[in-house]
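For reference, start.txt is printed below; it contains compact mmCIF, C-alpha atoms.
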```txt
# COMPACT_ATOMS: atom_id res chain seq x y z
CA MET A 257 0.00 0.00 0.00
CA THR A 258 2.68 2.37 1.12
CA SER A 259 5.14 1.20 -1.54
CA GLY A 260 2.42 1.65 -4.17
CA SER A 261 1.83 5.26 -3.20
CA ASP A 262 5.61 5.82 -3.15
CA SER A 263 5.98 4.53 -6.69
CA ASP A 264 3.14 6.81 -7.76
CA ARG A 265 4.97 9.71 -6.23
CA ARG A 266 8.22 8.75 -7.97
CA ASN A 267 6.67 8.42 -11.44
CA PRO A 268 4.07 11.09 -11.86
CA THR A 269 2.79 11.71 -15.36
CA PRO A 270 4.00 14.83 -17.17
CA GLU A 271 0.49 16.18 -17.01
CA GLU A 272 0.48 15.87 -13.23
CA VAL A 273 3.85 17.56 -12.91
CA THR A 274 3.47 20.46 -15.32
CA GLY A 275 -0.23 20.83 -15.87
CA LYS A 276 0.38 20.54 -19.60
CA PRO A 277 -1.98 18.52 -21.76
CA ASP A 278 -1.07 14.94 -22.48
CA PHE A 279 1.22 14.76 -25.51
CA ASP A 280 -0.82 12.07 -27.23
CA GLN A 281 -3.89 14.22 -26.89
CA LEU A 282 -2.01 17.24 -28.18
CA TRP A 283 -0.58 15.37 -31.15
CA LYS A 284 -3.95 13.83 -31.94
CA THR A 285 -5.28 17.31 -32.62
CA LEU A 286 -2.21 18.51 -34.55
CA ALA A 287 -1.45 15.49 -36.72
CA PRO A 288 -4.45 15.66 -39.11
CA HIS A 289 -3.63 19.25 -40.05
CA VAL A 290 0.05 18.49 -40.63
CA ARG A 291 -0.79 15.41 -42.69
CA ALA A 292 -3.41 17.21 -44.76
CA ALA A 293 -1.10 20.12 -45.54
CA VAL A 294 1.85 17.91 -46.45
CA SER A 295 -0.34 15.71 -48.63
CA ARG A 296 -1.28 18.71 -50.72
CA HIS A 297 2.33 19.64 -51.40
CA ARG A 298 3.13 20.13 -55.06
CA SER A 299 6.06 17.81 -54.78
CA ARG A 300 5.17 14.18 -55.31
CA ASP A 301 8.06 13.26 -53.01
CA ALA A 302 6.53 15.08 -50.11
CA ALA A 303 3.02 13.87 -50.81
CA LEU A 304 4.08 10.23 -51.05
CA ALA A 305 6.26 10.46 -47.96
CA ALA A 306 3.57 12.15 -45.88
CA ASP A 307 3.68 9.49 -43.16
CA ASP A 308 7.43 9.85 -42.75
CA LEU A 309 7.18 13.61 -42.68
CA VAL A 310 4.45 13.59 -40.08
CA GLN A 311 6.47 11.21 -37.95
CA GLU A 312 9.50 13.50 -38.11
CA VAL A 313 7.39 16.46 -37.11
CA ARG A 314 5.98 14.44 -34.23
CA ILE A 315 9.48 13.67 -32.94
CA ARG A 316 10.43 17.34 -33.07
CA VAL A 317 7.31 18.40 -31.21
CA TRP A 318 7.85 15.67 -28.62
CA THR A 319 11.43 16.82 -28.07
CA VAL A 320 10.25 20.34 -27.38
CA TYR A 321 7.30 19.15 -25.32
CA SER A 322 9.40 16.91 -23.07
CA GLY A 323 11.96 19.64 -22.50
CA ASP A 324 9.37 22.30 -21.77
CA ARG A 325 9.09 22.80 -18.02
CA ASN A 326 6.51 25.53 -18.20
CA SER A 327 3.11 24.67 -16.96
CA ARG A 328 1.53 26.49 -19.88
CA LEU A 329 1.63 25.33 -23.46
CA LYS A 330 2.45 28.39 -25.50
CA THR A 331 0.49 28.44 -28.73
CA SER A 332 2.82 30.67 -30.73
CA TYR A 333 5.91 28.77 -29.65
CA TYR A 334 4.51 25.36 -30.52
CA TYR A 335 3.14 26.72 -33.76
CA LYS A 336 6.62 27.85 -34.71
CA VAL A 337 8.11 24.51 -33.69
CA VAL A 338 5.62 22.61 -35.85
CA ASN A 339 6.21 24.92 -38.81
CA SER A 340 9.99 24.67 -38.54
CA ALA A 341 9.76 20.90 -38.30
CA ILE A 342 7.54 20.76 -41.40
CA ILE A 343 9.99 22.85 -43.43
CA ASP A 344 13.02 20.86 -42.26
CA SER A 345 11.31 17.57 -43.03
CA LEU A 346 10.22 18.73 -46.47
CA ARG A 347 13.76 19.84 -47.27
CA SER A 348 15.28 16.59 -46.08
CA HIS A 349 12.89 14.58 -48.25
CA ARG A 350 13.33 16.70 -51.35
CA GLY A 351 14.49 14.82 -54.41
CA THR A 352 14.13 11.36 -52.91
CA LEU A 353 11.81 10.20 -55.71
CA ALA A 354 11.79 10.76 -59.45
CA HIS A 355 9.13 12.88 -61.18
CA SER A 356 8.81 15.08 -58.16
CA VAL A 357 6.64 17.87 -59.52
CA ARG A 358 3.00 16.96 -59.57
CA SER A 359 0.69 18.57 -62.10
CA GLU A 360 -2.95 19.22 -61.32
CA SER A 361 -4.16 16.81 -63.99
CA ASP A 362 -2.37 13.66 -62.87
CA GLY A 363 -3.98 13.31 -59.51
CA ASP A 364 -6.17 10.33 -60.42
CA GLU A 365 -3.87 8.85 -63.02
CA ASP A 366 -2.71 5.27 -62.63
CA GLU A 367 0.91 4.35 -63.21
CA PRO A 368 0.74 2.80 -66.73
CA ALA A 369 -1.22 5.77 -68.03
CA LEU A 370 1.30 8.11 -66.46
CA ILE A 371 4.23 6.30 -68.07
CA GLU A 372 2.49 6.37 -71.44
CA ARG A 373 1.76 10.04 -71.13
CA ILE A 374 5.32 10.91 -70.15
CA GLY A 375 6.69 8.86 -73.07
CA GLY A 376 4.38 10.59 -75.54
CA GLU A 377 5.37 14.04 -74.39
CA GLU A 378 9.05 13.72 -75.02
CA GLN A 379 10.24 17.01 -76.45
CA GLY A 380 12.47 17.37 -79.43
CA PRO A 381 15.51 19.66 -79.46
CA GLU A 382 13.59 22.42 -81.28
CA SER A 383 10.82 22.59 -78.75
CA VAL A 384 13.36 22.53 -75.94
CA PHE A 385 15.16 25.41 -77.59
CA ASP A 386 11.89 27.34 -78.03
CA GLU A 387 11.03 26.76 -74.41
CA GLU A 388 14.42 28.01 -73.35
CA GLN A 389 14.07 31.11 -75.49
CA ARG A 390 10.65 31.80 -74.04
CA LYS A 391 12.03 31.52 -70.52
CA VAL A 392 14.78 34.00 -71.32
CA ARG A 393 12.25 36.46 -72.73
CA LEU A 394 9.95 36.01 -69.76
CA LEU A 395 12.73 36.64 -67.25
CA ALA A 396 13.89 39.67 -69.21
CA ALA A 397 10.35 41.06 -69.28
CA ILE A 398 9.97 40.47 -65.53
CA ARG A 399 13.21 42.34 -64.86
CA GLN A 400 11.84 45.40 -66.61
CA LEU A 401 8.83 45.68 -64.31
CA PRO A 402 8.76 48.16 -61.41
CA PRO A 403 9.77 46.46 -58.13
CA ASP A 404 6.28 46.23 -56.60
CA ARG A 405 4.72 44.77 -59.73
CA ARG A 406 7.65 42.46 -60.25
CA ARG A 407 7.28 41.08 -56.76
CA ALA A 408 3.53 40.59 -57.16
CA VAL A 409 3.86 38.95 -60.58
CA THR A 410 6.63 36.59 -59.56
CA LEU A 411 4.61 35.50 -56.53
CA PHE A 412 1.64 35.01 -58.83
CA LEU A 413 3.76 32.89 -61.16
CA GLN A 414 4.90 30.86 -58.16
CA GLY A 415 1.26 29.91 -57.73
CA PHE A 416 0.25 32.20 -54.89
CA THR A 417 -3.28 33.55 -54.93
CA VAL A 418 -4.08 37.25 -54.70
CA PRO A 419 -5.01 37.07 -50.97
CA GLU A 420 -1.75 35.25 -50.28
CA ILE A 421 0.16 37.89 -52.25
CA ALA A 422 -1.57 40.62 -50.26
CA GLU A 423 -0.52 38.96 -47.02
CA LEU A 424 3.05 38.49 -48.16
CA LEU A 425 3.42 42.03 -49.44
CA GLY A 426 1.66 43.45 -46.41
CA CYS A 427 -0.90 45.38 -48.41
CA ASP A 428 -4.64 45.22 -48.91
CA LEU A 429 -6.39 42.95 -51.38
CA ASN A 430 -7.15 45.64 -53.94
CA ARG A 431 -3.56 46.81 -54.14
CA ALA A 432 -2.27 43.25 -54.48
CA HIS A 433 -4.78 42.57 -57.23
CA ASN A 434 -3.86 45.77 -59.05
CA LEU A 435 -0.14 45.06 -58.83
CA ALA A 436 -0.53 41.50 -60.09
CA TYR A 437 -3.04 42.45 -62.79
CA ARG A 438 -0.98 45.32 -64.18
CA GLY A 439 2.19 43.27 -63.99
CA VAL A 440 0.57 40.40 -65.87
CA ARG A 441 -0.78 42.80 -68.48
CA ALA A 442 2.68 44.30 -68.99
CA LEU A 443 4.20 40.84 -69.27
CA LYS A 444 1.54 39.76 -71.76
CA GLU A 445 2.35 42.77 -73.89
CA SER A 446 6.07 42.13 -73.70
CA MET A 447 5.75 38.44 -74.44
CA GLY A 448 3.20 39.05 -77.20
CA GLU A 449 5.46 41.58 -78.88
CA ALA A 450 8.48 39.36 -78.49
CA GLU A 451 6.71 36.28 -79.82
CA GLY A 452 5.15 38.35 -82.60
CA ASN A 453 8.57 39.53 -83.66
CA ASP A 454 9.92 35.98 -83.93
CA MET B 42 -4.78 36.09 -65.49
CA LYS B 43 -5.40 32.43 -64.79
CA ASN B 44 -4.48 31.47 -68.36
CA PHE B 45 -1.30 33.46 -68.08
CA GLN B 46 -0.47 31.72 -64.83
CA ASP B 47 -1.11 28.29 -66.32
CA ARG B 48 0.99 29.06 -69.36
CA TYR B 49 4.01 30.77 -67.86
CA SER B 50 4.12 29.47 -64.30
CA PRO B 51 5.87 26.17 -65.23
CA ILE B 52 8.42 28.07 -67.29
CA PHE B 53 9.10 30.54 -64.52
CA ARG B 54 9.19 27.94 -61.75
CA ASP B 55 11.65 25.90 -63.75
CA SER B 56 14.28 28.53 -63.06
CA ALA B 57 14.58 27.52 -59.42
CA CYS B 58 17.16 28.90 -57.06
CA THR B 59 20.05 27.09 -55.43
CA GLU B 60 19.04 25.70 -52.09
CA ASP B 61 22.20 26.92 -50.41
CA ALA B 62 20.76 30.42 -50.40
CA CYS B 63 17.43 29.43 -48.88
CA PRO B 64 16.54 31.01 -45.54
CA PRO B 65 16.43 28.77 -42.45
CA ALA B 66 13.23 26.96 -41.59
CA GLU B 67 12.71 29.18 -38.58
CA SER B 68 12.54 32.26 -40.80
CA LEU B 69 9.79 30.76 -42.93
CA ALA B 70 8.01 29.65 -39.77
CA ASP B 71 8.20 33.20 -38.44
CA LEU B 72 6.90 34.55 -41.72
CA ALA B 73 3.96 32.16 -41.61
CA ALA B 74 3.24 33.24 -38.05
CA GLY B 75 3.53 36.92 -38.97
CA ASN B 76 6.41 37.44 -36.55
CA VAL B 77 8.93 39.18 -38.79
CA TRP B 78 9.96 42.79 -39.14
CA PRO B 79 8.95 44.46 -42.41
CA TRP B 80 12.49 44.59 -43.81
CA ARG B 81 12.99 40.91 -43.04
CA ARG B 82 9.64 40.05 -44.55
CA ARG B 83 10.58 41.90 -47.73
CA ARG B 84 13.73 39.84 -48.11
CA LEU B 85 11.89 36.59 -47.43
CA VAL B 86 9.16 37.46 -49.90
CA GLU B 87 11.79 38.34 -52.46
CA HIS B 88 13.26 34.90 -51.96
CA LEU B 89 9.88 33.15 -52.14
CA SER B 90 9.18 34.89 -55.42
CA HIS B 91 12.25 33.33 -56.98
CA CYS B 92 12.56 29.98 -55.20
CA SER B 93 9.99 27.38 -56.16
CA HIS B 94 11.00 24.99 -53.41
CA CYS B 95 10.57 27.51 -50.62
CA ALA B 96 7.36 28.80 -52.18
CA ASP B 97 5.90 25.28 -52.15
CA ASP B 98 7.09 24.65 -48.61
CA TYR B 99 5.69 27.94 -47.41
CA ARG B 100 2.34 27.14 -48.98
CA VAL B 101 2.18 24.02 -46.81
CA LEU B 102 2.52 26.23 -43.74
CA THR B 103 -0.24 28.57 -44.85
CA THR B 104 -2.45 25.60 -45.69
CA ALA B 105 -2.00 24.13 -42.23
CA ARG B 106 -2.03 27.45 -40.37
CA HIS B 107 -5.68 27.79 -39.50
CA GLY B 108 -6.09 24.19 -38.41
CA LEU B 109 -2.91 24.15 -36.35
CA LEU B 110 -3.73 27.36 -34.54
CA MET B 111 -7.26 26.19 -33.80
CA ALA B 112 -5.94 22.88 -32.54
CA LEU B 113 -3.34 24.49 -30.28
CA GLU B 114 -5.74 27.04 -28.91
CA GLY B 115 -8.31 24.31 -28.49
CA GLN B 116 -6.03 22.77 -25.90
CA GLY B 117 -6.99 25.67 -23.69
CA HIS B 118 -3.48 26.96 -23.39
CA ALA B 119 -3.47 30.09 -25.46
CA ASP B 120 -0.41 32.13 -24.56
CA GLN B 121 -2.27 35.30 -23.77
CA GLY B 122 -0.68 35.19 -20.35
CA VAL B 123 2.75 35.38 -21.89
CA ALA B 124 1.96 38.49 -23.87
CA VAL B 125 0.04 40.14 -21.10
CA GLY B 126 2.66 39.08 -18.59
CA TRP B 127 5.25 41.40 -19.98
CA LEU B 128 2.88 43.89 -21.50
CA ARG B 129 0.91 44.59 -18.34
CA PRO B 130 3.61 46.38 -16.26
CA GLY B 131 4.64 48.40 -19.30
CA LEU B 132 1.09 49.41 -20.05
CA VAL B 133 0.40 50.37 -16.45
CA ALA B 134 3.58 52.43 -16.24
CA THR B 135 2.83 54.18 -19.52
CA ALA B 136 -0.73 54.94 -18.48
CA ALA B 137 0.49 56.31 -15.14
CA LEU B 138 3.04 58.53 -16.87
CA VAL B 139 0.42 59.88 -19.25
CA VAL B 140 -1.94 60.69 -16.39
CA VAL B 141 0.81 62.45 -14.44
CA ALA B 142 1.95 64.42 -17.48
CA LEU B 143 -1.61 65.51 -18.26
CA SER B 144 -2.17 66.54 -14.66
CA VAL B 145 1.01 68.60 -14.58
CA SER B 146 0.21 70.31 -17.85
CA ILE B 147 -3.29 71.20 -16.64
CA LEU B 148 -1.91 72.56 -13.37
CA VAL B 149 0.67 74.67 -15.20
CA GLN B 150 -1.95 76.09 -17.57
CA THR B 151 -4.56 76.91 -14.93
CA GLY B 152 -2.22 77.99 -12.15
CA GLY B 153 -3.42 75.28 -9.84
CA PRO B 154 -6.25 75.09 -7.36
CA ASN B 155 -6.47 77.79 -4.67
CA PRO B 156 -8.51 76.68 -1.71
CA ALA B 157 -8.30 80.14 -0.14
CA SER B 158 -10.24 81.61 -3.02
CA ASP B 159 -13.31 79.53 -2.27
CA GLN B 160 -13.17 80.55 1.37
CA GLY B 161 -12.69 84.13 0.28
CA VAL B 162 -15.82 83.99 -1.82
CA LEU B 163 -17.79 82.74 1.12
CA PHE B 164 -16.45 85.47 3.33
CA ALA B 165 -17.17 88.18 0.85
CA SER B 166 -20.73 87.14 0.33
CA GLN B 167 -21.41 86.70 4.04
CA PHE B 168 -19.92 89.91 5.40
CA GLU B 169 -20.85 92.33 2.66
CA PRO B 170 -22.26 95.54 4.28
CA GLY B 171 -25.50 95.57 2.35
CA SER B 172 -27.39 92.94 0.53
CA ARG B 173 -28.26 95.38 -2.27
CA HIS B 174 -24.56 96.19 -2.69
CA ALA B 175 -23.74 92.54 -2.88
CA GLU B 176 -26.29 92.09 -5.60
CA ARG B 177 -24.98 95.02 -7.57
CA GLN B 178 -21.24 94.24 -7.48
CA PRO B 179 -20.74 90.55 -6.77
CA GLU B 180 -18.04 89.91 -9.40
CA ARG B 181 -15.67 92.67 -8.31
CA ASP B 182 -15.71 91.62 -4.67
CA ARG B 183 -15.26 88.03 -5.48
CA LEU B 184 -12.36 88.69 -7.80
CA PHE B 185 -10.11 90.66 -5.49
CA THR B 186 -11.01 89.32 -2.09
CA SER B 187 -10.67 85.75 -3.21
CA ASP B 188 -7.13 86.20 -4.53
CA PHE B 189 -5.76 87.20 -1.14
CA GLY B 190 -8.21 85.51 1.12
CA GLU B 191 -9.44 88.82 2.51
CA SER B 192 -12.94 89.49 3.53
CA GLY B 193 -13.19 92.98 2.11
CA GLY B 194 -12.43 96.36 3.54
CA GLU B 195 -9.41 98.46 2.63
CA GLY B 196 -7.55 95.82 0.72
CA ALA B 197 -10.47 95.15 -1.55
CA GLN B 198 -11.13 98.82 -1.98
CA LEU B 199 -7.47 99.40 -2.76
CA PHE B 200 -7.51 96.92 -5.62
CA ARG B 201 -10.75 98.24 -6.96
CA ASP B 202 -9.22 101.68 -7.09
CA ASP B 203 -6.00 100.50 -8.68
CA PHE B 204 -7.81 98.84 -11.53
CA GLY B 205 -10.43 101.47 -11.94
CA GLY B 206 -13.16 99.35 -10.37
```
Produce structure tokens that represent the structure in this file.
Amino acid sequence: MTSGSDSDRRNPTPEEVTGKPDFDQLWKTLAPHVRAAVSRHRSRDAALAADDLVQEVRIRVWTVYSGDRNSRLKTSYYYKVVNSAIIDSLRSHRGTLAHSVRSESDGDEDEPALIERIGGEEQGPESVFDEEQRKVRLLAAIRQLPPDRRRAVTLFLQGFTVPEIAELLGCDLNRAHNLAYRGVRALKESMGEAEGND
Amino acid sequence: MKNFQDRYSPIFRDSACTEDACPPAESLADLAAGNVWPWRRRRLVEHLSHCSHCADDYRVLTTARHGLLMALEGQGHADQGVAVGWLRPGLVATAALVVVALSVSILVQTGGPNPASDQGVLFASQFEPGSRHAERQPERDRLFTSDFGESGGEGAQLFRDDFGG
């Protein structure tokens, strides 16, 4: 009886000691969001290795959790820990599989169809050269834009939406839309003229 | 705009940056949390606009942001106490300083309260020789007797004469 209560006193749970929530309970609420976000990554590597990535993030969060002696779980701190762990895991898994960039159309494609499609799209040297020339013209046209528009357009070309661009640039939605729209219009004109001249 | 994005985005993204120059994960995490100074944010955004890898990684953070924050706050451990913990003494001290500064400025402008003046007013109204006189010239008596705490008489008369009262 006495020895039982002594052992309880020697091995209290972390929750009893610190008042923090149980880690399993904490992770149970975090994991679905991490997994869902990683699964939607453009990189096929990251999407296919979602389980590994989530596990790595879990280990990082556990390390911080077990070393945290505060009785309060700080939201902003743990949010930063999770985000840093996600980025580090994504970087460590980059390039581990072939065909890493996933297009929007191949989401439901089975493997034989994918192989056939890739084989059929093999580019000849002329099309590769044209593509290269177009890239050079595009980059030259982007360089000629005013800094604000250039930033908005390049973010747009990276796939960010207008609200995301507004948040990144620290401006309101209308200004972000105007910058991106005018930048795209200028690029269209430049590229149209350039391609018309060819 | 969408057509333009579909057409040129793959070409643009193909010119990815070298990963050696990528900012540390903590910087992107701070950017996602909105905890960066404007100049730092500008540099990070500049990098995101030219680095496809970091742009994709950052998008994962923004995708997960709402859910993660809700989940963490749902644990009932929002860190308001941390912010308020260091903000509270500062706010109290600032508020106290403002109140003191306002009080001093008001005192300097108005010349400060003079308790004797109120007593002087009472004296003047109570010991005025005639009630009709008090009704006719209440302002003059109040003005000069209250400044020196006198109840009237020669002093008051002296000031009235000096200023043509």
Across B:Ile147, B:Val101, B:Ala62, B:Val139, the smallest distance to chain A, with only C-alpha atoms counted, is shown by B:Val101
Given the choices B:Ser90, B:Asp47, B:Ala134, B:Leu148, which gets closest to chain A if the distance is worked out from all atoms listed in the file?
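Nearest candidate to chain A out of B:Ser90, B:Asp47, B:Ala134, B:Leu148: B:Ser90.
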Q. Could you name the residues that touch A:Met447 at 12 Å or less, counting only C-alpha atoms, but leaving out those on the same chain fewer than 5 positions away, as a ChimeraX atom specification?
A. /A:389-398,440-442,452-454 /B:45,48-49
Suppose we keep C-alpha atoms; can you now write the selection as a PDB file, in the coordinates of the input?
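Below is the file again_17.pdb, written as the result:
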```pdb
ATOM      1  CA  GLN A 389      14.070  31.110 -75.490  1.00  0.00           C
ATOM      2  CA  ARG A 390      10.650  31.800 -74.040  1.00  0.00           C
ATOM      3  CA  LYS A 391      12.030  31.520 -70.520  1.00  0.00           C
ATOM      4  CA  VAL A 392      14.780  34.000 -71.320  1.00  0.00           C
ATOM      5  CA  ARG A 393      12.250  36.460 -72.730  1.00  0.00           C
ATOM      6  CA  LEU A 394       9.950  36.010 -69.760  1.00  0.00           C
ATOM      7  CA  LEU A 395      12.730  36.640 -67.250  1.00  0.00           C
ATOM      8  CA  ALA A 396      13.890  39.670 -69.210  1.00  0.00           C
ATOM      9  CA  ALA A 397      10.350  41.060 -69.280  1.00  0.00           C
ATOM     10  CA  ILE A 398       9.970  40.470 -65.530  1.00  0.00           C
ATOM     11  CA  VAL A 440       0.570  40.400 -65.870  1.00  0.00           C
ATOM     12  CA  ARG A 441      -0.780  42.800 -68.480  1.00  0.00           C
ATOM     13  CA  ALA A 442       2.680  44.300 -68.990  1.00  0.00           C
ATOM     14  CA  GLY A 452       5.150  38.350 -82.600  1.00  0.00           C
ATOM     15  CA  ASN A 453       8.570  39.530 -83.660  1.00  0.00           C
ATOM     16  CA  ASP A 454       9.920  35.980 -83.930  1.00  0.00           C
TER      17      ASP A 454
ATOM     18  CA  PHE B  45      -1.300  33.460 -68.080  1.00  0.00           C
ATOM     19  CA  ARG B  48       0.990  29.060 -69.360  1.00  0.00           C
ATOM     20  CA  TYR B  49       4.010  30.770 -67.860  1.00  0.00           C
TER      21      TYR B  49
END
```
- Query: In Å, how far is it from atom CA of B:Val86 to atom CA of A:Arg316?
  - Reply: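 Atom-to-atom, atom CA of B:Val86 and atom CA of A:Arg316 are spaced 26.3 Å apart.
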Can you tell me how far atom CA of B:Thr103 sits from atom CA of A:Ala422, in Å to one decimal?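 Distance between the two atoms: 13.3 Å.
Considering all atoms listed in the file, the residue among A:Ser383, A:Thr417, A:Gln281, A:Thr410 positioned nearest to chain B is A:Thr410.
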Which is closest to chain B among A:Lys444, A:Arg399, A:His349, A:Arg314, if we use only C-alpha atoms?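 So, comparing all the options, the nearest one is A:Lys444.
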Provide as a short mmCIF file (atom, residue, chain, number, x, y, z; two decimals) with C-alpha atoms, keeping the file's coordinate frame the residues of chain A at most 6 Å from chain B, counting only C-alpha atoms.
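So the final result, stored in selection_34.cif, reads:
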```cif
data_model
loop_
_atom_site.label_atom_id
_atom_site.label_comp_id
_atom_site.auth_asym_id
_atom_site.auth_seq_id
_atom_site.Cartn_x
_atom_site.Cartn_y
_atom_site.Cartn_z
CA THR A 285 -5.28 17.31 -32.62
CA LEU A 286 -2.21 18.51 -34.55
CA HIS A 289 -3.63 19.25 -40.05
CA ALA A 293 -1.10 20.12 -45.54
CA LEU A 329 1.63 25.33 -23.46
CA LYS A 330 2.45 28.39 -25.50
CA THR A 331 0.49 28.44 -28.73
CA LYS A 336 6.62 27.85 -34.71
CA ASN A 339 6.21 24.92 -38.81
CA SER A 340 9.99 24.67 -38.54
CA ILE A 343 9.99 22.85 -43.43
CA LYS A 391 12.03 31.52 -70.52
CA THR A 410 6.63 36.59 -59.56
CA LEU A 411 4.61 35.50 -56.53
CA LEU A 413 3.76 32.89 -61.16
#
```
In Å, with one decimal, what is the gap from atom CA of A:Leu435 to atom CA of B:Trp80?
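About the pair atom CA of A:Leu435 and atom CA of B:Trp80: they are 19.6 Å apart.
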Show me, as a count of residues only, the residues that have an atom within 10 Å of A:Val418 when counting only C-alpha atoms, minus same-chain residues fewer than 5 positions from it. 15
Subject >> Neighbour list for A:Ile315 as JSON, numbers by chain, cut-off 12 Å, all atoms listed in the file, skip fewer than 5 positions in-chain >> reply: {"A": [279, 280, 283, 287, 308, 309, 310, 320, 321, 322, 337, 338, 341, 342, 345]}
